[in-house]
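Engineer: First the structure, then my questions, so here it is.
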Protein chains: 2
Amino acid sequence: MASGMDDRTTRVLRHIVEDYIATAEPVGSRTISKKMGLSLSPATIRNIMADLEEAGFLAQPHTSAGRIPTGAGFRYYIDHLLSRQVLARSEMDQLHRAAGEGNGPGDELVRQVSRLLSNLAHQASVVVVSSPEQQVLRSVSLMRAGVERILLVTVMRGGWVQHRLIEGEPDLTGDELEKISAYLNELAEGQTLPQLRARILAELRKEKARYDRVMGRALTMGARALADAAPGEVFIEGRANILEQPEFAEDVHRLKRILRAFEEKSVIFRLLDRAMESRAIQVSVGLENTVEELPDISVVASGYRQGASSVGSIGLIGPVRMDYSRVIPLVEYAASLLTTMFEDR
Amino acid sequence: MASGMDDRTTRVLRHIVEDYIATAEPVGSRTISKKMGLSLSPATIRNIMADLEEAGFLAQPHTSAGRIPTGAGFRYYIDHLLSRQVLARSEMDQLHRAAGEGNGPGDELVRQVSRLLSNLAHQASVVVVSSPEQQVLRSVSLMRAGVERILLVTVMRGGWVQHRLIEGEPDLTGDELEKISAYLNELAEGQTLPQLRARILAELRKEKARYDRVMGRALTMGARALADAAPGEVFIEGRANILEQPEFAEDVHRLKRILRAFEEKSVIFRLLDRAMESRAIQVSVGLENTVEELPDISVVASGYRQGASSVGSIGLIGPVRMDYSRVIPLVEYAASLLTTMFEDR
DNA sequence: AGTTAGCACTCCGGCAAGGAGAGTGCTAAC
DNA sequence: GTTAGCACTCTCCTTGCCGGAGTGCTAACT
């Protein structure tokens, strides 16, 4: 069906989508005719438009307005018609610089890149960091954090730092704590969290642990602290950019819905979920994204990796009318930048 | 001048402010007359209103509209006329529960409380955490974070965790790192960051350091990592709540300005700056707050303490038309809650 | 002297009518 | 299959008008 369109028809569709992206207004037959160098008259374009409407790619807000692309129209455009823009040297440089500045622990890095991405694209940018469950540990440390409070700090490959508080631990001497910490660190290095858990349980079962007090303590504390899986994280930057888009500036209700969604991390998680798995860039248009609360927004996202395993994804969220030809390369570049940054960490 | 108003005049002002807070619309003489039990006729009220306008407490949007309070009007109301609402038991309980859930490291605690505060008040809530410079260290630890990368983790009293990356450190054996870490930890406990810096420099000057390799390394690394002061942090919760306020829903431009300000942490810092110093609650109305970008918003904030020293402040940001009688007790309670939470940490 | 009723006046908001502009669909001719 | 022409539709903007809300002023009242 979709492939049953001839070249001329698709060219018209393409022009309509691009004009609509540029102007945010319904586009009429005359405009397209001019844009195509008057090789076809407005009347002909109108016939083609009628066909496209019947096929579900266009819609009319009202009888005598121009056409606007439907979700399906955008989808077709993205899949078949889109020609990517080449990123400007300066944009790539800016992204690199942002990544360079974010040389703190992992979160600073992604945050900086995300912020710049959002400004370059004039959309809100979102990064999700997957739950650290699959990630590989580099080191762990136990630190005193208060009376009967101990902090377990874990550092993952790639520079992610996490900490969890263990409460109600009877006090230990500094020396004991150091020993316990060192012992746990030894067990942890190179393991994933589930592996470490399993390892701790295995060690606990060994007889020796029962006799060595320090070891025993280390293991039970480790088991306690790691009992429940750590959640992933979500960073959102450039919220104000979405106000740049006329569709949101006008419709306060939509704006409210999307800002509320930003406060609810689980929603964002679901939104970028698919991108994390896949290696290619993902574009969800309007209703396609599985989040009921936000039927009229698009998400362009791409996963980034740490070595072979995907550890998160970065993307943009905005109205369906987005400049995909520019935004898609941007997101892709940002994701690949993150991947390389994490490579040598 | 201000105190030169008789009781009747201030009562009228008070009713106008409260009615305006409730309805967000200019209020007329008839409304006030009714509200005061018709003890005064609309005509009399009009005369009083004219006086109040001359004194700068009221303004008319246009000739035949009612009056709305000016910034000065709100100021006077807050300083002299306000009667605080008593918090509902359930609200206090909710805040306590939020504080209980946030039993992770410090930031989770303030975040949870801030979020709930924002929902109870229907405003955006902001917490700033002062730069950790004045805070007292509980423990530090050095951890391996990558090739030639070491992470310095510091835990403050009150459960604040910070980490900084030290790059380009030649690799050490695990054993060496542990020793260095332990030594630094010993130096750090009970010190503030500046004290620790001074102490490290003093130790470095001692002869012994030159001979003990581990010690020497520990000190130079410590000096490097702590060279520049750590910045404070800012958390903003409940951004979407400001859309509840009709003044923002209507005026997209204002909305944009405030959302942009939220992305610029330094602005928020300046806004809550004053509250951090002072022990009492601070209310800045409109132009009073020193931030040029946001002349038409109010900030209600209060510092919270860790023992004797103030370590941050929590507050609400919204339109000048805020329900101060409710919001002020809320913020105060939240701040005192944070203070008690940090007490036993 | 302060308070009040009465009244003319102003301004906003809503509504209807009318015209311009944009764009369509259809028909008939090329 | 393409195009010109034309009638039609719909939105949007302007204009004018009316009712409502509220004010300020004046003159009468207590």
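A note on labels: chains of the structure tokens are A, B, ... as shown, every chain counts residues from 1, and ligands are counted from 1 in their shown order.
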Write out as a list in words each polymer residue whose atoms come within 10 Å of range 14-24 of chain D, counting only C-alpha atoms (C1' of nucleotides); drop sequence neighbours fewer than 3 positions from it.

Structural biologist: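 Here the qualifying residues turn out to be Val27, Gly28, Ser29, Arg30, Ala43, Arg46, Asn47, Ala50, Thr63, Ser64, Ala65, Gly66 and Arg67 of chain B; DA8, DC9, DT10, DC11, DC12, DG13, DG14, DC15, DA16, DA17, DG18 and DG19 of chain C.
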
Engineer: Per residue of range 294-341 of chain B within 12 Å of range 151-166 of chain B, what are the shortest atom pair and its distance in Å to one decimal, counting only C-alpha atoms, with rows by chain and residue number, as a Markdown table?

Structural biologist:
| residue | atom | partner | partner_atom | distance |
| --- | --- | --- | --- | --- |
| B:Tyr304 | CA | B:Gly158 | CA | 11.9 |
| B:Arg305 | CA | B:Gly158 | CA | 9.9 |
| B:Gln306 | CA | B:Gly158 | CA | 7.0 |
| B:Gly307 | CA | B:Gly158 | CA | 9.4 |
| B:Ser309 | CA | B:Arg157 | CA | 11.6 |
| B:Ser310 | CA | B:Gly158 | CA | 11.8 |
| B:Val311 | CA | B:Gly158 | CA | 9.7 |
| B:Gly312 | CA | B:Gly158 | CA | 11.8 |
| B:Leu338 | CA | B:Gly158 | CA | 10.3 |
| B:Thr339 | CA | B:Gly158 | CA | 9.9 |
| B:Thr340 | CA | B:Gly158 | CA | 10.6 |
| B:Met341 | CA | B:Gly158 | CA | 8.5 |

Engineer: In Å, with one decimal, what is the gap from CA of Asp296 in chain A to CA of His62 in chain A?

Structural biologist: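 Here the two named atoms are 19.1 Å from each other.
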
Engineer: Please provide the set of residues having any atom within 12 Å of Glu264 in chain B, restricted to only C-alpha atoms (C1' of nucleotides), with same-chain residues fewer than 6 positions apart removed, written as a ChimeraX atom specification.

Structural biologist: /A:115,237-240 /B:233-236,257-258,270-271,293

Engineer: Could you check which of A:Met49, A:Ala335, A:Val299, A:Ala182 is closest to chain C, using only C-alpha atoms (C1' of nucleotides)?

Structural biologist: A:Met49

Engineer: Counting only C-alpha atoms (C1' of nucleotides), collect the residues of chain C whose closest atom lies at most 10 Å from chain A, and write them out as a ChimeraX atom specification.

Structural biologist: /C:22-25

Engineer: With only C-alpha atoms (C1' of nucleotides) as the counted atoms, please give the residues lying no more than 12 Å from range 224-232 of chain A, apart from itself and same-chain residues fewer than 6 positions off, as a PyMOL selection string.

Structural biologist: (chain A and resi 107+127-135+140-142+149-154+160-169+184+188+192-201+217-218+265-266+268-270+273+311-313) or (chain B and resi 104)

Engineer: Selected residues, N, CA and C atoms, written as a compact mmCIF listing (two decimals), in the first residue's frame, please.

Structural biologist:
# COMPACT_ATOMS: atom_id res chain seq x y z
N ASP A 107 27.48 10.92 35.84
CA ASP A 107 26.28 11.72 35.66
C ASP A 107 26.58 13.11 35.13
N VAL A 127 17.98 11.90 29.26
CA VAL A 127 18.91 10.78 29.31
C VAL A 127 18.42 9.80 30.34
N VAL A 128 18.37 8.55 29.97
CA VAL A 128 18.15 7.58 31.03
C VAL A 128 19.39 6.72 31.17
N VAL A 129 19.68 6.43 32.41
CA VAL A 129 20.79 5.56 32.72
C VAL A 129 20.17 4.29 33.23
N SER A 130 20.52 3.20 32.61
CA SER A 130 19.86 1.96 32.98
C SER A 130 20.22 1.63 34.41
N SER A 131 19.40 0.82 35.00
CA SER A 131 19.72 0.32 36.32
C SER A 131 21.12 -0.27 36.27
N PRO A 132 21.91 -0.02 37.29
CA PRO A 132 23.31 -0.49 37.24
C PRO A 132 23.44 -2.00 37.36
N GLU A 133 22.33 -2.70 37.33
CA GLU A 133 22.39 -4.16 37.52
C GLU A 133 23.32 -4.87 36.53
N GLN A 134 23.26 -4.44 35.28
CA GLN A 134 24.10 -5.17 34.31
C GLN A 134 25.54 -4.68 34.27
N GLN A 135 25.77 -3.57 34.91
CA GLN A 135 27.09 -2.99 34.78
C GLN A 135 28.12 -3.71 35.64
N VAL A 140 34.31 -1.00 45.33
CA VAL A 140 33.33 -0.64 46.33
C VAL A 140 34.06 -0.19 47.58
N SER A 141 33.36 0.58 48.39
CA SER A 141 33.98 1.03 49.62
C SER A 141 32.91 1.26 50.67
N LEU A 142 33.24 0.94 51.90
CA LEU A 142 32.32 1.22 52.99
C LEU A 142 32.85 2.41 53.77
N ARG A 149 25.39 4.22 61.10
CA ARG A 149 25.05 4.40 59.68
C ARG A 149 26.31 4.21 58.87
N ILE A 150 26.18 3.37 57.89
CA ILE A 150 27.34 3.14 57.03
C ILE A 150 26.93 3.32 55.58
N LEU A 151 27.83 3.88 54.81
CA LEU A 151 27.53 4.15 53.42
C LEU A 151 28.30 3.19 52.54
N LEU A 152 27.59 2.53 51.65
CA LEU A 152 28.26 1.68 50.68
C LEU A 152 28.35 2.43 49.36
N VAL A 153 29.56 2.68 48.92
CA VAL A 153 29.76 3.38 47.65
C VAL A 153 30.22 2.38 46.61
N THR A 154 29.57 2.40 45.47
CA THR A 154 30.00 1.51 44.39
C THR A 154 30.37 2.32 43.16
N TRP A 160 30.34 5.48 36.84
CA TRP A 160 29.11 5.73 37.58
C TRP A 160 29.30 5.46 39.05
N VAL A 161 28.86 6.39 39.83
CA VAL A 161 28.99 6.23 41.27
C VAL A 161 27.60 6.11 41.88
N GLN A 162 27.45 5.17 42.76
CA GLN A 162 26.18 4.99 43.46
C GLN A 162 26.47 4.89 44.95
N HIS A 163 25.54 5.33 45.73
CA HIS A 163 25.72 5.03 47.15
C HIS A 163 24.41 4.69 47.82
N ARG A 164 24.51 3.83 48.79
CA ARG A 164 23.33 3.43 49.55
C ARG A 164 23.70 3.45 51.02
N LEU A 165 22.71 3.81 51.78
CA LEU A 165 22.92 3.91 53.21
C LEU A 165 22.49 2.60 53.86
N ILE A 166 23.32 2.10 54.74
CA ILE A 166 22.93 0.95 55.55
C ILE A 166 22.69 1.48 56.96
N GLU A 167 21.48 1.33 57.43
CA GLU A 167 21.17 1.91 58.74
C GLU A 167 21.16 0.85 59.83
N GLY A 168 21.37 1.32 61.01
CA GLY A 168 21.27 0.44 62.17
C GLY A 168 22.38 -0.58 62.27
N GLU A 169 23.53 -0.28 61.68
CA GLU A 169 24.68 -1.16 61.87
C GLU A 169 25.41 -0.76 63.14
N LEU A 184 35.47 -6.67 50.85
CA LEU A 184 34.34 -6.58 49.90
C LEU A 184 34.81 -6.09 48.54
N ALA A 188 34.33 -7.74 44.82
CA ALA A 188 33.45 -7.04 43.88
C ALA A 188 34.07 -6.82 42.51
N THR A 192 29.33 -8.16 38.08
CA THR A 192 28.11 -7.34 38.04
C THR A 192 27.46 -7.46 39.40
N LEU A 193 26.45 -6.63 39.62
CA LEU A 193 25.81 -6.67 40.93
C LEU A 193 25.18 -8.03 41.24
N PRO A 194 24.45 -8.61 40.29
CA PRO A 194 23.88 -9.93 40.61
C PRO A 194 24.96 -10.97 40.90
N GLN A 195 26.03 -10.88 40.13
CA GLN A 195 27.14 -11.81 40.37
C GLN A 195 27.70 -11.62 41.77
N LEU A 196 27.84 -10.36 42.14
CA LEU A 196 28.40 -10.08 43.46
C LEU A 196 27.49 -10.62 44.56
N ARG A 197 26.19 -10.43 44.34
CA ARG A 197 25.25 -10.95 45.33
C ARG A 197 25.42 -12.46 45.50
N ALA A 198 25.44 -13.12 44.35
CA ALA A 198 25.57 -14.57 44.38
C ALA A 198 26.86 -14.96 45.08
N ARG A 199 27.90 -14.23 44.77
CA ARG A 199 29.21 -14.55 45.32
C ARG A 199 29.20 -14.40 46.85
N ILE A 200 28.56 -13.33 47.28
CA ILE A 200 28.50 -13.09 48.72
C ILE A 200 27.76 -14.23 49.42
N LEU A 201 26.66 -14.63 48.82
CA LEU A 201 25.89 -15.71 49.42
C LEU A 201 26.70 -17.00 49.46
N ARG A 217 31.06 -10.31 59.06
CA ARG A 217 30.41 -9.02 59.06
C ARG A 217 30.36 -8.42 57.66
N ALA A 218 31.47 -8.51 56.98
CA ALA A 218 31.55 -7.95 55.63
C ALA A 218 30.46 -8.55 54.76
N LYS A 265 9.24 9.98 36.75
CA LYS A 265 10.35 9.35 36.04
C LYS A 265 9.96 8.07 35.33
N SER A 266 9.03 7.36 35.92
CA SER A 266 8.70 6.07 35.32
C SER A 266 8.16 6.26 33.90
N ILE A 268 9.05 8.58 31.76
CA ILE A 268 10.20 8.81 30.89
C ILE A 268 10.93 7.51 30.61
N PHE A 269 11.03 6.72 31.63
CA PHE A 269 11.67 5.43 31.46
C PHE A 269 11.01 4.63 30.36
N ARG A 270 9.72 4.53 30.45
CA ARG A 270 9.00 3.75 29.45
C ARG A 270 9.22 4.31 28.06
N ASP A 273 12.59 3.38 26.75
CA ASP A 273 12.87 1.98 26.96
C ASP A 273 13.35 1.30 25.70
N VAL A 311 23.98 0.69 28.18
CA VAL A 311 23.84 1.12 29.57
C VAL A 311 22.87 2.28 29.72
N GLY A 312 22.30 2.72 28.60
CA GLY A 312 21.37 3.83 28.74
C GLY A 312 20.98 4.37 27.39
N SER A 313 20.20 5.42 27.39
CA SER A 313 19.89 6.05 26.12
C SER A 313 19.69 7.54 26.29
N GLY B 104 17.84 7.90 52.25
CA GLY B 104 19.12 7.66 51.59
C GLY B 104 20.06 8.76 52.02

Engineer: How close does each residue of chain D get to chain A, giving the shortest atom pair and distance in Å to one decimal for every residue with an atom at most 12 Å away, counting only C-alpha atoms (C1' of nucleotides), sorted by chain and residue number, as CSV?

Structural biologist:
residue,atom,partner,partner_atom,distance
D:DG1,C1',A:Thr44,CA,9.6
D:DT2,C1',A:Thr44,CA,6.8
D:DT3,C1',A:Ala43,CA,6.8
D:DA4,C1',A:Ala43,CA,8.7
D:DG5,C1',A:Ala43,CA,10.7
D:DC8,C1',A:Ser64,CA,9.5
D:DT9,C1',A:Ser64,CA,6.0
D:DC10,C1',A:Ser64,CA,5.3
D:DT11,C1',A:Ala65,CA,8.3

Engineer: For the residues in that selection, give me C-alpha atoms (C1' of nucleotides) as an mmCIF file, in the first residue's frame.

Structural biologist:
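To be explicit, this is the file written out as result.cif:
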data_model
loop_
_atom_site.group_PDB
_atom_site.id
_atom_site.type_symbol
_atom_site.label_atom_id
_atom_site.label_comp_id
_atom_site.auth_asym_id
_atom_site.auth_seq_id
_atom_site.Cartn_x
_atom_site.Cartn_y
_atom_site.Cartn_z
ATOM 1 C "C1'" DG D 1 -3.619 12.776 -17.322
ATOM 2 C "C1'" DT D 2 -3.386 17.808 -16.566
ATOM 3 C "C1'" DT D 3 -5.084 22.254 -15.988
ATOM 4 C "C1'" DA D 4 -7.953 26.573 -15.767
ATOM 5 C "C1'" DG D 5 -11.940 28.372 -13.925
ATOM 6 C "C1'" DC D 8 -18.174 27.230 -2.236
ATOM 7 C "C1'" DT D 9 -16.556 26.888 2.591
ATOM 8 C "C1'" DC D 10 -14.300 28.120 6.436
ATOM 9 C "C1'" DT D 11 -11.357 31.057 9.359
#

Engineer: For the strand (DSSP E) assignment from backbone DSSP, which residues of range 59-263 of chain B qualify? Please present them as a ChimeraX atom specification.

Structural biologist: /B:59,68-69,124-129,137-146,149-156,161-167,233-237

Engineer: Pick from B:Ala145, B:Ala308, B:Val267, B:Val214: nearest to chain A, with only C-alpha atoms counted?

Structural biologist: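 Looking at the shortest contact to chain A, the residue is B:Ala145.
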
Engineer: I'd like the interatomic distance between CA of Glu108 in chain B and CA of Tyr324 in chain B, to a tenth of an Å.

Structural biologist: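 Interatomic distance, CA of Glu108 in chain B to CA of Tyr324 in chain B: 27.0 Å.
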
Engineer: Residues of range 16-225 of chain A in alpha helix (DSSP H) according to DSSP, as an MDAnalysis selection string?

Structural biologist: chainID A and resid 16:23 29:35 42:54 71:76 89:101 106:121 174:188 193:205 207:211 213:225

Engineer: Using only C-alpha atoms (C1' of nucleotides), which protein or nucleic acid residues come within 6 Å of range 57-59 of chain B? Drop anything in the same chain fewer than 6 positions from it, and give the result as a PyMOL selection string.

Structural biologist: chain B and resi 67-70+72-73

Engineer: Report, in Å to a single decimal, how far apart CA of Glu148 in chain A and CA of Leu219 in chain B are.

Structural biologist: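 Here the two named atoms are 29.1 Å from each other.
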
Engineer: At a cut-off of 6 Å, using only C-alpha atoms (C1' of nucleotides), what residues contact Ile314 in chain B? Leave out same-chain residues fewer than 5 positions from it and give the result as a list of chain:residue names.

Structural biologist: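 The neighbour list is B:Val126, B:Val127, B:Ala301, B:Ser302.
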
Engineer: Excluding Gln85 in chain A and residues on its chain fewer than 3 positions from it, collect all residues at most 8 Å away from it, counting only C-alpha atoms (C1' of nucleotides), and give them as a PyMOL selection string.

Structural biologist: chain A and resi 325-326+329
